[in-house]
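Data first, discussion second: the structure below is written as structure tokens.
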Amino acid sequence: MKSYSILIVDDNPDNLETIVDFLQDSELDITILKAPNGKIACKLAEKKLPDLIITDWEMPEMNGIETIECLKSRKSTKDIPVIMSTGVMTETKHLKTALDAGAVDYIRKPIEKIELIARVNSMLKLAESYKKNKLLNATKDKFFSIIAHDLRSPFNSILGFSDILLNNFENYKVPEQKKFLGIMNKEIRRTYKLLKNLLLWSQSQRGTIDFHPEKVNLFLLCRETIELLRSTAANKAIFLINQIPEDIYVMADKNMLLTILRNLISNAIKFTPKEGKITIKADLNSNENKQNWIQVSVKDSGIGIVKEKISQLFDISENISTKGTDGEAGTGLGLILCKEFIEKHGGKICVKSEVGKGSSFMFTLPLI
């Protein structure tokens with residue numbers, strides 16, 4: 001059964017506890033959050049991001065309408081459904097006022113247990129459906145954005161330089177010809193990488209991607225990835241250092257793990273200036289169930305990431321496309337793909353970064 005969190009806002013302790021008791025008597029698997037007024041509720045909602053909020057109308061400092069307006073004004077809480085409850089504002093005009101403010105439902109006091117549970121169940125199902133549709137739309141938007149811009153741009157470059165060579169080949173000296181061919185080769189490689197990620201992501205979204213965990217030597221796989229990317233790193237005189245012990249084995253899908261390492265290391269190269277350093281390490285960790293996990297880290301000496309952007313890196317609805325230290329383009333798709341593949345293994349990914357000093361991307365994998 002899916003678990004939910006519900007924030008209840010009421011300045012009357014008796015009313016608040018009545019709602020809590022009713023919900024705890026239901027068959028829902030819920031965590032209850034409480035707030036005695038709207039100001040505290042808005043802060044708590046932004047911090048905890050509950051699945052549903054039930055708020056009283058008449059409260060000191062910030063009433064129910066003002067609370068809803070506050071929640072709807074903030075990006076992180078604007079989509080949380082809110083049920084308005086009141087024993088005073090019960091006329092039709094009050095219902096309209098609440099709905100116009102952004103409430104999704106309205107319940108009159110004294111609250112009946114059966115009605116409350118029915119409305120909460122209904123709102124949670126609607127909220128779940130809304131989240132799925134929002135994710136689907138964000139996925140489509142990302143897909144079409146990549147096709148419309150990120151694929152068109154390199155093709156324009158390839159077509160432009162190939163036309164120049166085709167129509168005026170004899171007018172250029174060999175060094176100039178090599179320069180044009182080098183630009184075309186760079187764009188073709190970038191397009192190939194993007195198409196490869198796009199195909200994998202498409203398969204992942206459709207649930208058709210193969211997943212075959214096996215015993216994998218992490219050191220050897222990292223060495224293979226480094227060899228693939230060595231020429232790219234050499235162009236910026238960046239050192240790639242494999243500090244993973246040679247005897248570490250993980251249970252992972254080899255192709256997915258290669259994709260994860262390739263994306264994280266190529267990203268590190270992209271955002272590291274010339275003569276920088278990228279180090280790949282692996283450390284043993286244990287979770288609360290004493291299950292052993294390996295934490296892999298890809299640490300660079302790059303430009304770093306501002307704190308506000310870190311939380312957006314793995315969010316498909318965000319359009320994160322930052323150019324690298326040599327003007328390298330990107331779509332942000334690689335990191336989204338990494339997150340999906342890591343979670344497929346039951347692991348997690350996180351980021352530590354300091355502007356001007358570099359970033360460290362860390363993810364966990366089950367140890368054999």
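Chain labels run A, B, ... following the order of the structure tokens; each chain numbers its residues from 1, and ligands are numbered from 1 in the order shown.
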Select from range 145-364 of chain A everything DSSP, run on the backbone, classes as alpha helix (DSSP H), then give the selection as a VMD selection string. chain A and resid 145 152 to 168 174 to 206 218 to 234 254 to 270 307 to 310 333 to 344
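For Thr364 in chain A, the set of protein, DNA and RNA residues having any atom at most 6 Å away, when counting only C-alpha atoms and skipping those fewer than 3 positions along the same chain, is Ile294, Gln295, Gly347 and Lys348 of chain A.
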Next, write the just-selected residues to a file, as a short mmCIF file (atom, residue, chain, number, x, y, z; two decimals), in the first residue's frame, keeping all heavy atoms as the atom set.
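Result saved to result_31.cif:
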```cif
data_model
loop_
_atom_site.label_atom_id
_atom_site.label_comp_id
_atom_site.auth_asym_id
_atom_site.auth_seq_id
_atom_site.Cartn_x
_atom_site.Cartn_y
_atom_site.Cartn_z
N ILE A 294 28.17 -0.31 -2.28
CA ILE A 294 29.35 0.43 -2.74
C ILE A 294 28.90 1.83 -3.14
O ILE A 294 27.94 1.99 -3.88
CB ILE A 294 30.01 -0.27 -3.95
CG1 ILE A 294 30.77 -1.50 -3.50
CG2 ILE A 294 30.96 0.67 -4.67
CD1 ILE A 294 32.00 -1.21 -2.65
N GLN A 295 29.60 2.83 -2.61
CA GLN A 295 29.33 4.20 -3.04
C GLN A 295 30.42 4.62 -4.02
O GLN A 295 31.60 4.67 -3.67
CB GLN A 295 29.31 5.17 -1.86
CG GLN A 295 29.08 6.63 -2.31
CD GLN A 295 28.89 7.58 -1.17
OE1 GLN A 295 27.80 7.68 -0.60
NE2 GLN A 295 29.94 8.29 -0.80
N GLY A 347 19.60 1.77 -5.95
CA GLY A 347 20.54 2.73 -5.39
C GLY A 347 20.02 4.15 -5.41
O GLY A 347 18.89 4.42 -5.81
N LYS A 348 20.88 5.08 -4.99
CA LYS A 348 20.54 6.50 -4.97
C LYS A 348 21.71 7.30 -5.51
O LYS A 348 22.85 6.87 -5.46
CB LYS A 348 20.21 6.96 -3.55
CG LYS A 348 18.95 6.34 -2.95
CD LYS A 348 18.70 6.86 -1.55
CE LYS A 348 17.43 6.24 -0.96
NZ LYS A 348 17.19 6.73 0.43
#
```
Distance query Gly356 in chain A at most 7 Å, only C-alpha atoms, self and fewer than 5 positions along chain excluded, as a list in words: Gly302, Ile303 and Gly304 of chain A
Would you output that residue set with N, CA and C atoms, as a PDB file, in the first residue's frame?
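To be explicit, this is the file written out as part_25.pdb:
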```
ATOM      1  N   GLY A 302      36.266  21.066 -11.250  1.00  0.00           N
ATOM      2  CA  GLY A 302      35.638  21.982 -12.197  1.00  0.00           C
ATOM      3  C   GLY A 302      35.061  23.242 -11.606  1.00  0.00           C
ATOM      4  N   ILE A 303      34.115  23.812 -12.333  1.00  0.00           N
ATOM      5  CA  ILE A 303      33.569  25.130 -11.985  1.00  0.00           C
ATOM      6  C   ILE A 303      32.536  25.070 -10.866  1.00  0.00           C
ATOM      7  N   GLY A 304      32.024  23.862 -10.559  1.00  0.00           N
ATOM      8  CA  GLY A 304      31.031  23.725  -9.500  1.00  0.00           C
ATOM      9  C   GLY A 304      29.627  24.111  -9.940  1.00  0.00           C
TER      10      GLY A 304
END
```
Near Ile188 in chain A, within 9 Å and counting only C-alpha atoms, which residues show up once chain neighbours fewer than 5 positions away are dropped, as a list in words?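 Listed by chain and then number, they are Pro154, Phe155, Ile158, Ile183 and Lys193 of chain A.
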Which residues come within 10 Å of Ile226 in chain A, counting only C-alpha atoms, excluding same-chain residues fewer than 5 positions away, as a PyMOL selection string? chain A and resi 220-221+231-233+240-242+261-262+265-266+280
Go ahead and save the picked residues with N, CA and C atoms, as a PDB file, in the first residue's frame.
```pdb
ATOM      1  N   LEU A 220      37.414  -2.673 -13.676  1.00  0.00           N
ATOM      2  CA  LEU A 220      37.593  -2.896 -15.116  1.00  0.00           C
ATOM      3  C   LEU A 220      36.594  -2.084 -15.937  1.00  0.00           C
ATOM      4  N   LEU A 221      35.361  -1.982 -15.434  1.00  0.00           N
ATOM      5  CA  LEU A 221      34.344  -1.222 -16.159  1.00  0.00           C
ATOM      6  C   LEU A 221      34.687   0.266 -16.174  1.00  0.00           C
ATOM      7  N   SER A 231      40.412  10.469 -25.141  1.00  0.00           N
ATOM      8  CA  SER A 231      40.739  11.480 -26.156  1.00  0.00           C
ATOM      9  C   SER A 231      39.998  12.788 -25.891  1.00  0.00           C
ATOM     10  N   THR A 232      38.744  12.683 -25.417  1.00  0.00           N
ATOM     11  CA  THR A 232      37.969  13.891 -25.083  1.00  0.00           C
ATOM     12  C   THR A 232      38.639  14.635 -23.941  1.00  0.00           C
ATOM     13  N   ALA A 233      39.086  13.890 -22.922  1.00  0.00           N
ATOM     14  CA  ALA A 233      39.774  14.513 -21.789  1.00  0.00           C
ATOM     15  C   ALA A 233      41.117  15.094 -22.224  1.00  0.00           C
ATOM     16  N   LEU A 240      42.401  11.780 -15.920  1.00  0.00           N
ATOM     17  CA  LEU A 240      41.356  10.860 -15.453  1.00  0.00           C
ATOM     18  C   LEU A 240      42.022   9.808 -14.572  1.00  0.00           C
ATOM     19  N   ILE A 241      41.588   9.726 -13.314  1.00  0.00           N
ATOM     20  CA  ILE A 241      42.250   8.850 -12.338  1.00  0.00           C
ATOM     21  C   ILE A 241      41.262   7.816 -11.801  1.00  0.00           C
ATOM     22  N   ASN A 242      41.576   6.554 -12.004  1.00  0.00           N
ATOM     23  CA  ASN A 242      40.750   5.442 -11.520  1.00  0.00           C
ATOM     24  C   ASN A 242      41.321   4.935 -10.199  1.00  0.00           C
ATOM     25  N   LEU A 261      28.442   5.549 -15.813  1.00  0.00           N
ATOM     26  CA  LEU A 261      29.830   6.025 -15.718  1.00  0.00           C
ATOM     27  C   LEU A 261      30.184   6.958 -16.880  1.00  0.00           C
ATOM     28  N   ARG A 262      29.749   6.579 -18.088  1.00  0.00           N
ATOM     29  CA  ARG A 262      30.051   7.397 -19.262  1.00  0.00           C
ATOM     30  C   ARG A 262      29.463   8.799 -19.130  1.00  0.00           C
ATOM     31  N   ILE A 265      31.248  10.788 -16.054  1.00  0.00           N
ATOM     32  CA  ILE A 265      32.630  11.187 -16.344  1.00  0.00           C
ATOM     33  C   ILE A 265      32.678  12.213 -17.480  1.00  0.00           C
ATOM     34  N   SER A 266      31.863  12.014 -18.523  1.00  0.00           N
ATOM     35  CA  SER A 266      31.859  12.988 -19.637  1.00  0.00           C
ATOM     36  C   SER A 266      31.321  14.340 -19.164  1.00  0.00           C
ATOM     37  N   ILE A 280      37.802   8.942  -9.875  1.00  0.00           N
ATOM     38  CA  ILE A 280      36.689   8.004  -9.641  1.00  0.00           C
ATOM     39  C   ILE A 280      37.093   7.065  -8.515  1.00  0.00           C
TER      40      ILE A 280
END
```
Residues near Pro213 in chain A, anyone? I mean within 8 Å using only C-alpha atoms, not counting same-chain ones fewer than 3 positions away, as a ChimeraX atom specification. /A:251-254
Shell around Ala41 in chain A at 12 Å using only C-alpha atoms, local window under 2 positions removed, as JSON, numbers by chain: {"A": [6, 7, 8, 9, 10, 11, 33, 34, 35, 36, 37, 38, 39, 43, 44, 45, 46, 47, 48, 49, 50, 52, 53, 54, 55, 56, 59, 61, 62, 63, 64, 66, 67, 68, 70, 71, 77, 82]}
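Taking only C-alpha atoms into account, Ile19 in chain A lies nearest to A:Lys113 out of the set A:Lys93, A:His212, A:Lys309, A:Lys113.
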Taking the DSSP secondary structure from the backbone, can you list the residues of range 57-203 of chain A that are strand (DSSP E or B), as a ChimeraX atom specification? /A:82-86,105-108
Counting only C-alpha atoms, the residue among A:Arg108, A:Lys277, A:Arg230, A:Lys196 that lies closest to Gly358 in chain A is A:Lys277
